[in-house]
Each structure stands twice: as C-alpha cells, then as structure tokens.
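Trainee: Contents of entry.txt (compact mmCIF, C-alpha atoms) are below:
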```
# COMPACT_ATOMS: atom_id res chain seq x y z
CA MET A 1229 -72.95 186.44 148.71
CA PRO A 1230 -76.22 185.07 147.25
CA LEU A 1231 -76.25 184.81 143.45
CA SER A 1232 -79.54 186.75 143.42
CA ILE A 1233 -77.56 189.79 144.62
CA LEU A 1234 -74.19 189.08 142.99
CA LEU A 1235 -75.43 188.64 139.42
CA PRO A 1236 -77.47 191.89 139.16
CA MET A 1237 -74.68 193.81 140.90
CA VAL A 1238 -72.05 192.50 138.45
CA GLY A 1239 -74.34 193.08 135.46
CA LEU A 1240 -75.31 196.60 136.48
CA GLY A 1241 -71.76 197.44 137.52
CA ILE A 1242 -70.28 196.41 134.17
CA ALA A 1243 -73.00 198.13 132.15
CA GLY A 1244 -72.84 201.29 134.26
CA ILE A 1245 -69.06 201.62 133.98
CA ALA A 1246 -69.15 201.00 130.21
CA VAL A 1247 -71.87 203.64 129.68
CA LEU A 1248 -70.05 206.13 131.90
CA LEU A 1249 -66.78 205.65 130.00
CA HIS A 1250 -68.56 206.19 126.69
CA LEU A 1251 -70.33 209.32 127.94
CA LEU A 1252 -66.98 210.66 129.15
CA GLY A 1253 -65.70 210.43 125.57
CA LEU A 1254 -63.34 207.55 126.30
CA SER A 1255 -64.43 205.45 123.31
CA ARG A 1256 -62.35 207.45 120.85
CA ARG A 1257 -60.14 205.31 118.64
CA ALA A 1258 -56.45 206.01 118.25
CA THR A 1259 -55.26 207.94 115.24
CA LEU A 1260 -51.77 207.90 113.78
CA ALA A 1261 -50.52 211.50 113.79
CA ASP A 1262 -48.23 211.00 110.79
CA GLU A 1263 -46.09 208.43 108.99
CA ALA A 1264 -43.53 208.52 111.79
CA ALA A 1265 -46.25 207.56 114.27
CA ALA A 1266 -47.35 204.70 112.00
CA ARG A 1267 -43.73 203.57 111.70
CA ALA A 1268 -43.35 203.67 115.50
CA ALA A 1269 -46.58 201.72 115.98
CA TRP A 1270 -45.30 199.03 113.58
CA LEU A 1271 -41.89 198.85 115.25
CA ARG A 1272 -43.60 198.52 118.63
CA GLU A 1273 -44.94 195.16 117.45
CA PHE A 1274 -42.09 194.11 115.14
CA PRO A 1275 -38.94 195.87 116.36
CA GLY A 1276 -36.68 193.81 114.09
CA ASP A 1277 -38.40 194.60 110.80
CA ALA A 1278 -38.22 198.29 109.89
CA PRO A 1279 -40.79 199.67 107.43
CA MET A 1280 -39.47 200.56 103.96
CA ARG A 1281 -42.71 202.25 102.92
CA VAL A 1282 -45.62 203.60 104.96
CA THR A 1283 -48.99 204.53 103.45
CA LEU A 1284 -51.24 206.37 105.86
CA CYS A 1285 -54.97 206.43 105.11
CA HIS A 1286 -56.76 209.78 104.85
CA ASP A 1287 -58.34 209.76 108.31
CA ARG A 1288 -55.05 208.50 109.84
CA SER A 1289 -56.78 205.54 111.41
CA ALA A 1290 -54.57 202.90 109.78
CA ALA A 1291 -51.43 202.47 107.73
CA LEU A 1292 -50.18 200.01 105.18
CA ILE A 1293 -46.60 198.94 105.85
CA MET A 1294 -44.04 197.44 103.49
CA THR A 1295 -40.95 195.82 104.95
CA GLU A 1296 -38.22 193.55 103.62
CA THR A 1297 -40.17 190.64 105.06
CA GLY A 1298 -43.54 191.51 103.55
CA ARG A 1299 -46.56 193.71 103.94
CA GLY A 1300 -48.54 194.51 107.02
CA VAL A 1301 -51.06 196.84 108.52
CA VAL A 1302 -51.21 199.02 111.62
CA TRP A 1303 -54.65 199.78 112.98
CA PRO A 1304 -56.27 201.08 116.18
CA MET A 1305 -57.19 198.84 119.08
CA GLY A 1306 -59.30 201.25 121.04
CA ALA A 1307 -57.02 204.06 122.24
CA ASP A 1308 -53.94 202.06 121.24
CA THR A 1309 -52.72 200.27 118.14
CA THR A 1310 -51.61 196.87 117.02
CA ALA A 1311 -50.12 195.47 113.82
CA ARG A 1312 -50.04 192.28 111.79
CA TYR A 1313 -48.40 190.92 108.68
CA LEU A 1314 -50.90 190.23 105.92
CA ASP A 1315 -49.78 186.70 105.04
CA GLY A 1316 -52.81 184.72 103.93
CA ALA A 1317 -55.08 187.77 104.11
CA GLN A 1318 -58.35 187.92 102.20
CA ILE A 1319 -59.26 191.43 101.09
CA THR A 1320 -62.92 192.33 100.60
CA PRO A 1321 -64.30 195.75 99.63
CA THR A 1322 -67.03 197.07 101.90
CA ARG A 1323 -69.32 200.11 101.86
CA THR A 1324 -66.84 202.03 104.03
CA GLY A 1325 -63.50 200.70 102.81
CA LEU A 1326 -61.88 197.29 103.05
CA ARG A 1327 -62.28 194.27 105.24
CA ILE A 1328 -59.19 192.16 105.86
CA ASP A 1329 -59.71 188.59 107.05
CA LEU A 1330 -56.60 187.04 108.57
CA PRO A 1331 -55.89 183.41 109.48
CA ASP A 1332 -55.04 184.66 112.98
CA TYR A 1333 -57.21 183.82 115.99
CA THR A 1334 -55.98 186.93 117.81
CA ALA A 1335 -56.82 189.31 114.94
CA PRO A 1336 -59.37 187.62 112.72
CA ARG A 1337 -60.85 190.67 111.02
CA ILE A 1338 -59.75 194.25 110.40
CA HIS A 1339 -62.14 196.90 109.12
CA LEU A 1340 -60.39 199.79 107.38
CA ALA A 1341 -62.29 203.04 106.82
CA LEU A 1342 -61.08 204.30 103.43
CA ASP A 1343 -62.49 206.73 100.89
CA PRO A 1344 -63.35 205.27 97.45
CA ASN A 1345 -60.04 206.30 95.81
CA GLU A 1346 -58.06 204.92 98.68
CA THR A 1347 -60.01 201.71 98.64
CA ALA A 1348 -59.02 201.09 95.04
CA GLU A 1349 -55.40 202.10 95.64
CA TRP A 1350 -55.00 199.98 98.77
CA ARG A 1351 -56.69 197.02 97.13
CA ASN A 1352 -54.36 197.26 94.13
CA THR A 1353 -51.31 197.53 96.35
CA LEU A 1354 -52.40 194.59 98.44
CA GLU A 1355 -53.11 192.44 95.38
CA GLU A 1356 -49.84 193.45 93.68
CA THR A 1357 -47.83 192.45 96.72
CA ALA A 1358 -49.86 189.36 97.57
CA MET B 1173 -60.66 166.18 161.80
CA SER B 1174 -62.73 169.34 161.29
CA ASP B 1175 -64.48 169.08 157.91
CA MET B 1176 -67.29 171.59 158.40
CA ILE B 1177 -65.22 174.78 158.67
CA THR B 1178 -66.52 177.72 156.65
CA PHE B 1179 -64.85 180.98 155.71
CA PRO B 1180 -66.49 183.92 153.91
CA ASP B 1181 -66.23 184.07 150.11
CA VAL B 1182 -64.28 187.30 150.34
CA VAL B 1183 -63.81 187.87 146.60
CA ASN B 1184 -67.55 187.97 145.96
CA TRP B 1185 -68.08 190.22 148.98
CA ALA B 1186 -65.41 192.55 147.58
CA VAL B 1187 -67.31 193.15 144.32
CA PRO B 1188 -69.02 196.38 145.55
CA PHE B 1189 -65.61 197.66 146.67
CA PHE B 1190 -64.13 196.81 143.24
CA ILE B 1191 -66.86 198.80 141.48
CA ALA B 1192 -66.54 201.77 143.86
CA ALA B 1193 -62.75 201.83 143.54
CA ILE B 1194 -62.91 201.73 139.72
CA LEU B 1195 -65.32 204.69 139.76
CA ALA B 1196 -63.03 206.57 142.17
CA GLU B 1197 -59.94 205.92 140.01
CA LEU B 1198 -61.82 206.98 136.87
CA LEU B 1199 -63.01 210.16 138.57
CA TRP B 1200 -59.47 210.93 139.72
CA ILE B 1201 -58.06 210.45 136.20
CA VAL B 1202 -60.78 212.56 134.57
CA ILE B 1203 -60.56 215.39 137.10
CA ARG B 1204 -56.77 215.47 137.49
CA GLY B 1205 -55.96 214.60 133.87
CA ARG B 1206 -53.25 212.16 134.96
CA GLY B 1207 -52.77 208.91 136.83
CA GLY B 1208 -53.69 206.49 134.07
CA ARG B 1209 -55.91 205.89 131.08
CA TYR B 1210 -59.30 204.29 130.46
CA GLU B 1211 -60.87 203.18 127.17
CA THR B 1212 -64.39 201.83 126.91
CA ARG B 1213 -63.88 198.57 124.99
CA ASP B 1214 -60.71 197.71 126.84
CA ALA B 1215 -62.37 198.23 130.22
CA LEU B 1216 -65.51 196.38 129.14
CA THR B 1217 -63.43 193.39 128.03
CA SER B 1218 -61.55 193.39 131.34
CA LEU B 1219 -64.79 193.52 133.33
CA LEU B 1220 -66.35 190.71 131.26
CA MET B 1221 -63.23 188.62 131.84
CA GLY B 1222 -63.68 189.23 135.56
CA ALA B 1223 -67.33 188.18 135.44
CA GLY B 1224 -66.35 185.08 133.44
CA ASN B 1225 -63.72 184.24 136.04
CA VAL B 1226 -66.37 184.31 138.78
CA ALA B 1227 -68.66 182.16 136.60
CA SER B 1228 -65.90 179.62 135.89
CA GLY B 1229 -65.22 179.45 139.63
CA ILE B 1230 -68.88 178.66 140.28
CA LEU B 1231 -68.97 176.05 137.49
CA LEU B 1232 -65.54 174.42 137.90
CA GLY B 1233 -64.51 175.30 141.45
CA PHE B 1234 -65.72 171.92 142.67
CA ILE B 1235 -62.82 170.20 140.87
CA ALA B 1236 -60.10 171.95 142.87
CA TYR B 1237 -62.15 171.85 146.06
CA GLY B 1238 -62.83 168.13 145.62
CA PHE B 1239 -59.11 167.52 145.11
CA PHE B 1240 -58.31 169.52 148.25
CA MET B 1241 -60.89 167.61 150.31
CA VAL B 1242 -59.36 164.30 149.20
CA LEU B 1243 -55.99 165.56 150.45
CA TRP B 1244 -57.64 166.70 153.69
CA GLU B 1245 -59.01 163.21 154.21
CA ILE B 1246 -55.55 161.75 153.69
CA THR B 1247 -53.51 164.03 155.92
CA PRO B 1248 -53.20 163.20 159.62
CA LEU B 1249 -52.36 166.86 160.39
CA ASP B 1250 -54.79 169.56 161.47
CA LEU B 1251 -53.37 172.93 162.49
CA GLY B 1252 -56.75 174.34 163.52
CA THR B 1253 -58.07 177.81 162.74
CA SER B 1254 -56.35 180.15 165.18
CA LEU B 1255 -55.41 183.63 163.98
CA GLY B 1256 -51.74 182.68 164.01
CA VAL B 1257 -52.39 179.67 161.77
CA ILE B 1258 -54.45 181.80 159.38
CA ALA B 1259 -51.62 184.36 159.22
CA LEU B 1260 -49.05 181.62 158.57
CA CYS B 1261 -51.30 180.12 155.92
CA PHE B 1262 -51.57 183.56 154.25
CA VAL B 1263 -47.77 183.93 154.07
CA LEU B 1264 -47.17 180.39 152.81
CA ASP B 1265 -50.00 180.70 150.30
CA ASP B 1266 -48.36 183.89 149.01
CA LEU B 1267 -45.18 181.85 148.45
CA ARG B 1268 -47.36 179.33 146.62
CA TYR B 1269 -48.77 182.21 144.55
CA TYR B 1270 -45.27 183.40 143.62
CA TRP B 1271 -44.36 180.00 142.15
CA VAL B 1272 -47.69 179.45 140.39
CA HIS B 1273 -47.35 182.93 138.90
CA ARG B 1274 -43.76 182.25 137.86
CA PHE B 1275 -44.83 178.96 136.23
CA GLY B 1276 -47.59 180.99 134.59
CA HIS B 1277 -45.00 183.01 132.73
CA ARG B 1278 -42.45 180.26 132.05
CA ILE B 1279 -44.60 177.26 131.09
CA ARG B 1280 -46.76 177.85 128.03
CA TRP B 1281 -49.52 175.52 129.26
CA VAL B 1282 -49.98 177.73 132.32
CA TRP B 1283 -49.34 180.94 130.35
CA ALA B 1284 -52.29 179.98 128.13
CA SER B 1285 -54.51 180.62 131.15
CA HIS B 1286 -52.66 183.63 132.56
CA VAL B 1287 -51.95 185.49 129.29
CA ASN B 1288 -55.36 187.18 129.24
CA HIS B 1289 -54.47 189.09 132.42
CA HIS B 1290 -51.63 190.73 130.46
CA SER B 1291 -53.58 191.30 127.26
CA SER B 1292 -54.68 194.88 127.97
CA GLN B 1293 -52.55 197.77 126.75
CA HIS B 1294 -53.95 199.75 129.67
CA TYR B 1295 -53.10 199.51 133.35
CA ASN B 1296 -55.94 200.50 135.61
CA LEU B 1297 -58.16 198.86 138.21
CA THR B 1298 -60.23 197.10 135.53
CA THR B 1299 -57.04 195.35 134.40
CA ALA B 1300 -56.92 193.69 137.82
CA LEU B 1301 -60.24 192.03 137.04
CA ARG B 1302 -59.09 190.72 133.63
CA GLN B 1303 -58.77 187.22 135.06
CA THR B 1304 -58.57 183.75 133.56
CA TRP B 1305 -61.51 181.51 132.70
CA THR B 1306 -59.34 178.42 132.30
CA GLY B 1307 -57.25 178.23 135.47
CA THR B 1308 -58.65 174.82 136.37
CA PHE B 1309 -57.11 173.30 133.23
CA THR B 1310 -53.58 174.32 134.20
CA PHE B 1311 -53.71 171.85 137.14
CA MET B 1312 -51.85 174.41 139.24
CA MET B 1313 -54.07 173.43 142.16
CA VAL B 1314 -51.42 170.78 142.88
CA VAL B 1315 -49.09 173.53 144.10
CA ARG B 1316 -51.54 174.08 146.99
CA ALA B 1317 -51.39 170.40 147.95
CA PRO B 1318 -48.46 170.80 150.41
CA LEU B 1319 -50.41 173.41 152.40
CA ILE B 1320 -53.34 171.07 152.89
CA LEU B 1321 -51.12 168.08 153.63
CA LEU B 1322 -49.38 170.22 156.27
CA GLY B 1323 -52.73 170.64 158.04
CA PHE B 1324 -54.20 173.90 156.73
CA HIS B 1325 -57.91 173.34 156.07
CA PRO B 1326 -58.91 173.67 152.37
CA ALA B 1327 -61.49 176.35 153.23
CA MET B 1328 -58.79 178.39 154.96
CA VAL B 1329 -56.41 177.96 152.03
CA LEU B 1330 -59.08 179.25 149.63
CA PHE B 1331 -59.94 182.09 152.04
CA VAL B 1332 -56.35 183.38 152.23
CA GLY B 1333 -56.09 182.93 148.43
CA GLY B 1334 -59.11 185.24 148.13
CA LEU B 1335 -57.48 187.80 150.41
CA ASN B 1336 -54.35 187.60 148.25
CA LEU B 1337 -56.41 188.32 145.14
CA ILE B 1338 -58.14 191.28 146.82
CA TYR B 1339 -54.78 192.71 147.90
CA GLN B 1340 -53.58 192.58 144.31
CA PHE B 1341 -56.57 194.59 143.08
CA TRP B 1342 -55.36 197.99 144.31
CA ILE B 1343 -51.85 197.64 142.86
CA HIS B 1344 -53.21 197.74 139.29
CA THR B 1345 -53.09 201.50 139.02
CA GLU B 1346 -50.97 204.32 137.67
CA ALA B 1347 -52.69 206.77 140.01
CA ILE B 1348 -50.31 205.84 142.84
CA GLY B 1349 -46.63 206.54 142.27
CA ARG B 1350 -44.47 205.11 145.03
CA MET B 1351 -45.40 204.04 148.54
CA PRO B 1352 -43.13 204.74 151.57
CA ARG B 1353 -39.71 203.08 151.25
CA TRP B 1354 -40.28 200.49 153.98
CA PHE B 1355 -43.52 199.45 152.28
CA GLU B 1356 -41.91 199.22 148.83
CA ALA B 1357 -39.16 197.06 150.38
CA VAL B 1358 -41.51 194.41 151.73
CA MET B 1359 -44.86 194.60 149.96
CA ASN B 1360 -45.95 194.32 146.36
CA THR B 1361 -46.95 197.82 145.24
CA PRO B 1362 -48.36 199.59 142.16
CA SER B 1363 -44.79 200.46 141.13
CA HIS B 1364 -43.52 196.86 141.37
CA HIS B 1365 -46.56 195.45 139.62
CA ARG B 1366 -46.52 198.02 136.80
CA VAL B 1367 -43.11 196.57 135.96
CA HIS B 1368 -44.61 193.08 135.91
CA HIS B 1369 -47.16 194.20 133.29
CA GLY B 1370 -44.50 195.75 131.04
CA ARG B 1371 -43.71 194.44 127.57
CA ASN B 1372 -40.39 196.30 127.47
CA PRO B 1373 -37.57 193.71 127.19
CA ARG B 1374 -36.24 194.86 130.56
CA TYR B 1375 -39.54 194.24 132.30
CA LEU B 1376 -40.42 190.82 130.85
CA ASP B 1377 -40.74 187.94 133.31
CA CYS B 1378 -40.10 189.61 136.66
CA ASN B 1379 -41.90 190.71 139.84
CA TYR B 1380 -44.14 187.64 140.19
CA ALA B 1381 -45.12 188.49 143.78
CA GLY B 1382 -48.69 188.55 144.99
CA VAL B 1383 -48.53 190.36 148.34
CA PHE B 1384 -44.89 190.22 149.52
CA ILE B 1385 -42.27 191.44 147.02
CA ILE B 1386 -39.62 189.72 149.15
CA TRP B 1387 -40.14 186.47 147.20
CA ASP B 1388 -38.83 188.14 144.03
CA LYS B 1389 -35.87 189.52 145.97
CA ILE B 1390 -35.12 186.09 147.45
CA PHE B 1391 -35.45 184.20 144.16
CA GLY B 1392 -33.71 186.80 141.97
CA THR B 1393 -36.63 187.97 139.85
CA PHE B 1394 -37.04 191.51 141.18
CA VAL B 1395 -36.72 194.45 138.78
CA PRO B 1396 -37.42 198.00 140.02
CA GLU B 1397 -39.47 200.51 138.04
CA MET B 1398 -36.92 202.71 136.27
CA GLU B 1399 -37.63 206.44 136.01
CA GLU B 1400 -35.89 206.54 132.62
CA GLU B 1401 -37.89 203.69 131.11
CA LYS B 1402 -41.66 204.12 131.13
CA VAL B 1403 -43.60 200.86 131.26
CA ASP B 1404 -45.22 199.88 127.95
CA TYR B 1405 -48.19 197.69 128.91
CA GLY B 1406 -49.52 194.68 127.06
CA LEU B 1407 -48.22 191.61 125.28
CA VAL B 1408 -45.10 191.27 123.16
CA HIS B 1409 -47.57 190.81 120.28
CA ASN B 1410 -50.71 192.70 121.23
CA LEU B 1411 -54.12 191.26 120.47
CA GLY B 1412 -56.19 192.56 117.58
CA THR B 1413 -59.54 191.82 119.18
CA PHE B 1414 -61.61 192.77 122.22
CA ASN B 1415 -63.75 189.62 121.94
CA PRO B 1416 -63.63 188.03 125.44
CA ILE B 1417 -63.90 184.51 124.00
CA ARG B 1418 -60.79 185.08 121.88
CA VAL B 1419 -59.01 186.80 124.77
CA ALA B 1420 -59.76 183.83 127.03
CA PHE B 1421 -58.82 181.05 124.64
CA HIS B 1422 -56.33 182.43 122.11
CA GLU B 1423 -53.20 180.88 123.60
CA TRP B 1424 -54.90 177.49 123.98
CA VAL B 1425 -55.76 177.70 120.28
CA GLY B 1426 -52.14 178.66 119.57
CA ILE B 1427 -50.85 175.64 121.50
CA PHE B 1428 -53.24 173.33 119.66
CA ARG B 1429 -52.22 174.67 116.26
CA ASP B 1430 -48.51 174.50 117.06
CA ALA B 1431 -48.55 171.06 118.65
CA THR B 1432 -50.63 169.47 115.90
CA GLN B 1433 -48.74 170.79 112.90
CA PRO B 1434 -47.44 167.98 110.68
CA GLY B 1435 -43.87 166.75 110.70
CA LEU B 1436 -43.01 167.27 114.36
CA THR B 1437 -41.55 164.74 116.76
CA TRP B 1438 -43.52 163.93 119.91
CA ARG B 1439 -40.87 165.74 121.93
CA GLU B 1440 -41.43 168.91 119.84
CA ARG B 1441 -45.20 168.64 120.29
CA LEU B 1442 -44.74 168.35 124.05
CA ASN B 1443 -42.33 171.28 124.07
CA TYR B 1444 -44.95 173.52 122.44
CA CYS B 1445 -47.00 172.85 125.60
CA ILE B 1446 -44.42 173.08 128.34
CA MET B 1447 -41.55 175.28 127.13
CA PRO B 1448 -41.60 179.05 127.79
CA PRO B 1449 -43.89 181.20 125.60
CA GLY B 1450 -42.15 182.03 122.33
CA TRP B 1451 -40.37 178.67 122.05
CA SER B 1452 -40.53 177.09 118.59
CA HIS B 1453 -39.07 173.90 117.18
CA ASP B 1454 -37.29 175.78 114.36
CA GLY B 1455 -36.17 178.82 116.35
CA SER B 1456 -38.38 181.12 114.28
CA ARG B 1457 -39.86 182.83 117.36
CA GLU B 1458 -38.42 184.55 120.39
CA THR B 1459 -38.69 183.69 124.06
CA SER B 1460 -38.29 186.48 126.62
CA THR B 1461 -34.67 185.38 127.07
CA ALA B 1462 -34.02 185.86 123.34
CA ILE B 1463 -35.85 189.22 123.34
CA LYS B 1464 -33.67 190.48 126.19
CA ALA B 1465 -30.48 189.21 124.49
CA ARG B 1466 -31.42 190.92 121.21
CA HIS B 1467 -32.24 194.12 123.08
CA VAL B 1468 -28.83 194.34 124.75
CA HIS B 1469 -27.10 193.73 121.41
CA GLN B 1470 -29.06 196.65 119.98
CA HIS B 1471 -28.50 198.73 123.14
CA PRO B 1472 -25.16 197.63 124.61
CA GLU B 1473 -25.25 200.51 127.10
CA ALA B 1474 -28.20 198.78 128.82
CA ALA B 1475 -26.43 195.43 129.25
CA GLY B 1476 -26.28 194.24 132.83
CA THR B 1477 -28.75 196.83 134.11
CA PRO B 1478 -31.81 195.61 136.05
CA GLY B 1479 -33.83 193.08 134.06
CA LEU B 1480 -31.29 192.74 131.26
CA PRO B 1481 -28.44 190.23 130.81
CA PRO B 1482 -24.79 191.14 130.30
CA LEU B 1483 -23.57 191.53 126.74
CA THR B 1484 -22.27 188.28 125.32
CA GLU B 1485 -19.89 187.82 122.39
CA ARG B 1486 -22.37 185.85 120.33
CA ALA B 1487 -25.08 187.84 118.55
CA PRO B 1488 -28.58 186.41 119.19
```
Please render this file's structure as structure tokens.

Mentor:
Amino acid sequence: MPLSILLPMVGLGIAGIAVLLHLLGLSRRATLADEAAARAAWLREFPGDAPMRVTLCHDRSAALIMTETGRGVVWPMGADTTARYLDGAQITPTRTGLRIDLPDYTAPRIHLALDPNETAEWRNTLEETA
Amino acid sequence: MSDMITFPDVVNWAVPFFIAAILAELLWIVIRGRGGRYETRDALTSLLMGAGNVASGILLGFIAYGFFMVLWEITPLDLGTSLGVIALCFVLDDLRYYWVHRFGHRIRWVWASHVNHHSSQHYNLTTALRQTWTGTFTFMMVVRAPLILLGFHPAMVLFVGGLNLIYQFWIHTEAIGRMPRWFEAVMNTPSHHRVHHGRNPRYLDCNYAGVFIIWDKIFGTFVPEMEEEKVDYGLVHNLGTFNPIRVAFHEWVGIFRDATQPGLTWRERLNYCIMPPGWSHDGSRETSTAIKARHVHQHPEAAGTPGLPPLTERAP
C-alpha cells in the first residue's frame, strides 16, 4: 500500500478511535471503592507484602499503603490500577495535591488529587516514614 | 535462482480491516454491555505502538531482509512458489513463530522487545496491535534462516509471516467465548490466547502458538482457559505510564541498569541479558517458575493442576 494512503489512514484511524472512545465515556479513571479495594489493588501487584495500614484519599482515586517492607501508593492507570513502593520518592506539593517523582522508568511520576488538608496529612506521613 | 519474486504486503493492506474490526468490537461491547473492556488511553497507546511497529518495519526492515537475501544467495535450494510450497512455508513459519515467541518469554533480551505486547491490562483488538518497535535488535531473524536455506524465498517467508500476524489479530478479544471443539483442538483461539496474556501464576509462560495450538500441545506448554480462574491481564508488575516511548523501551532500560550496576561479575551481567525475566544475581526477584512455586505453597489445592507445578517439600 502506498505511504500516501497508509499514513493518513493510520493517523485518522487512531485519532477517530480515540475520540470515539472518549465520547463514549470510556476515559473515566478507576476509583477504589473502599479500603478493601485499595488493599486488593496493592496485593494484585505485591501479593507477598500485605498492607498493615491503608489511607484512602477523599475522592477514592488513590491510597497510601504501609506494609512491613515500607510505604507505597496505589493509583489509577486508566480504568485499572497499579502500585509502587515509594523508595527514593520525591514529594512535591502542587495546586491540586501532590506530585510523586519515582526513580522508576515504568512509573516516573504520579499525580495525586488531594484536598488541602489531605495534602498536608499525606505529605507529613510520607516525610515521617521516608 | 528467482530473486525478483514479489508478494503483497498483507499487513499494510489489512489496516482498514483492523480499524473496522476494532469499531465493530467496540460497538458490540457498548451495545451488549459485555464481551470486553475499552479505555481511551490504553487503546490509544496500543494503537500508537502499532503505528510505531509499522514505522520501525519501514525504517529497519532492510536489515532482516538483507540478511535473508544473503542466505538466499548462499543456498542452492529453490522450492519455487507453488500453492503447496506456500502452505508448507506457512506451517513451518508458524513453528518458527512458536519458538521465537517462547524465546520471547524466556530470554530477557527478547522479552525486552516483546514485553510491550503484554503491557496492557485490557484484552481487546487494540491489544493485538500493541506491537514491538525493537524486534530487529533481538536478532530473532536468525530463527527464520533455516526456512530460507531450505529453499523458501525470503519474500514468501515474510508473506506467510504477515498472514500469521493477521490471523493473530482476531484472537485478541473477549467478545468470543469458545470456538467449536475441533477448532479449539487444532487452532489458536481467543480462549487459548487469553490465557497467554494472563498474569495469574497459572497462566504465566504458556500458549505461545501463533496459528496452530498444536505446537503448545506437542512441546508441553499448553494450558486451557479455566472457568474457575478468570484471566487477569497485564504484566506481573503493571506499568505506571501510558507513554509509548516508555512502553517500548522500559525493559531495555531495565536490562541496562541491571547489567551495569557495580560489583557484578561478567557472568552476572550476561545473565541479566539472557536469563528469564525476573532473574537476579542475588535472588531478590522472582521468575515465573518461582511465582508458580510460591503460588502452590500458598494454595496447595492447586498444585499439579494445569499451568502449576506439583507441591514440593521445600518452601520457595
């Protein structure tokens, strides 16, 4: 197939599908129904390290996890979730919450949407346990 | 020897079909409320990986093709281009695919290229297009060398490889449950390939087939989809980014970081490249074998069932 046909078709196809998915409401991020859901999401990534404490943020979009091994965070990846330990994390307050920079090529930056009280609490917890 | 044989570039010609099928699957899921899941950023990443795969083929395809043409110059054999030869080439190339795919899961250097195909937590037709950008650097083109040395023209070998890839497109769906029994027995199907994309301990490292599932049955890597264990899609450690650059290169970066850390022997540096994913010099990580062993110690009732080893005395 000539590139003059292939390239526009691929470009329009990708853009069209992405727009359609968004218009169908399929861009919604996952939320963690409760602490049990946050615990399950953590154990899905680290089945051998059970959470001792789970702190769910107010809009249930993320959770801070404490385990015997250390601290970590669960957050949405689109309609699903993932989790990481916070070893070597740099915590920076933002207008909407906290930004976590990790020395991890597969999860370099996590944006947490927190209200002002939560931001202070989470920041303190993260610094206490750092 | 016939050097000027041409075959259609079937993968590029299949692009309109890919787009139409994705729209049909999406429509089915939205209308019926079942049969799979779609999410915008996940699908967009998969589609961009597919576009990047086509681009890398255009930019780097000459390396593999040049290698094949050198082999074609060397070989005294020429099987011609009859329909029977093309069919035989298709079957043998599918056997080649099985082994390349198996190496892709058991050798970290090759996994670094293939991992991106498994990096979605979704399983739909866009996942099929989440293809590698770095396949050339795995040097797995050498596994095709015997076909060309046996007298199959390089253009034919690439043509049947394209057909193989197109076949595998439709099996990336949850919208199809099971096919008729005879079909499930011989062919790779959505059910068999869902298992291959599972991150459940039971489903790790199995069902490597491209078109014919018989290769897995012959070589002992077949695991059926179990009604009682729903497939959990994605990687053992799921990515925290949708950035296609990071998706494409993250395992290569991981190999580089592991192999260049201070204090290792040269053997350990090499092992970070060629041992199965999850291998580490200090045993601090888990390979799929270790994950399965740990799982059966936590769930002894599952020991010895499909995809899982028997219970051993020694705790992992």

Trainee: Kindly indicate which residue among A:Asn1345, A:Thr1259, A:Val1238, A:Pro1275 lies nearest to Ile1463 in chain B, using all atoms listed in the file for the distances.

Mentor: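 Of A:Asn1345, A:Thr1259, A:Val1238, A:Pro1275, the one nearest Ile1463 in chain B is A:Pro1275, counting all atoms listed in the file.
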
Trainee: Contacts of Pro1331 in chain A at 8 Å or less, counting all atoms listed in the file, minus same-chain residues fewer than 5 places along, as a ChimeraX atom specification?

Mentor: /A:1316-1317,1336

Trainee: Store the residues of this selection in a file with C-alpha atoms, as a JSON list (two decimals), in the frame of the given file.

Mentor:
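Okay, out_27.json is ready:
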```json
[["chain", "number", "residue", "atom", "x", "y", "z"],
["A", 1316, "GLY", "CA", -52.81, 184.72, 103.93],
["A", 1317, "ALA", "CA", -55.08, 187.77, 104.11],
["A", 1336, "PRO", "CA", -59.37, 187.62, 112.72]]
```

Trainee: Provide as a PyMOL selection string the residues of chain A at most 9 Å from chain B, counting all atoms listed in the file.

Mentor: chain A and resi 1229+1234+1237-1239+1241-1243+1245-1250+1252-1257+1272-1274+1303-1312+1333-1338

Trainee: Please compute the CA of His1453 in chain B-CA of Trp1424 in chain B distance, one decimal, in Å.

Mentor: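 CA of His1453 in chain B sits 17.6 Å away from CA of Trp1424 in chain B.
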
Trainee: I'd like the neighbourhood of range 1336-1341 of chain B as a list in words, where a residue qualifies if any of its atoms comes within 8 Å (using only C-alpha atoms), though same-chain residues fewer than 5 positions away should be ignored.

Mentor: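 Selected residues are Val1183, Ala1186, Phe1190, Phe1262, Asp1266, Leu1297, Ala1300, Leu1301, Gly1382 and Val1383 of chain B.
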
Trainee: Env of Arg1288 in chain A: 7 Å cut, atoms = only C-alpha atoms, seq-sep filter 4 positions within chain, self excluded. Answer as JSON, numbers by chain.

Mentor: {"A": [1259, 1260, 1261, 1284]}

Trainee: Specify the axis-aligned box that encloses all atoms of range 1292-1302 of chain B listed in the file after padding of 4 Å on each side, stating its centre and edge lengths in Å to one decimal as JSON.

Mentor:
```
{"center_x": -56.4, "center_y": 195.6, "center_z": 132.5, "size_x": 15.7, "size_y": 17.8, "size_z": 19.5}
```

Trainee: Take the point (-39.5, 186.9, 144.7) as written in the file and pick out every residue within 12 Å of it, counting all atoms listed in the file; give the list as a PyMOL selection string.

Mentor: chain B and resi 1266-1274+1357-1360+1364+1368+1377-1395
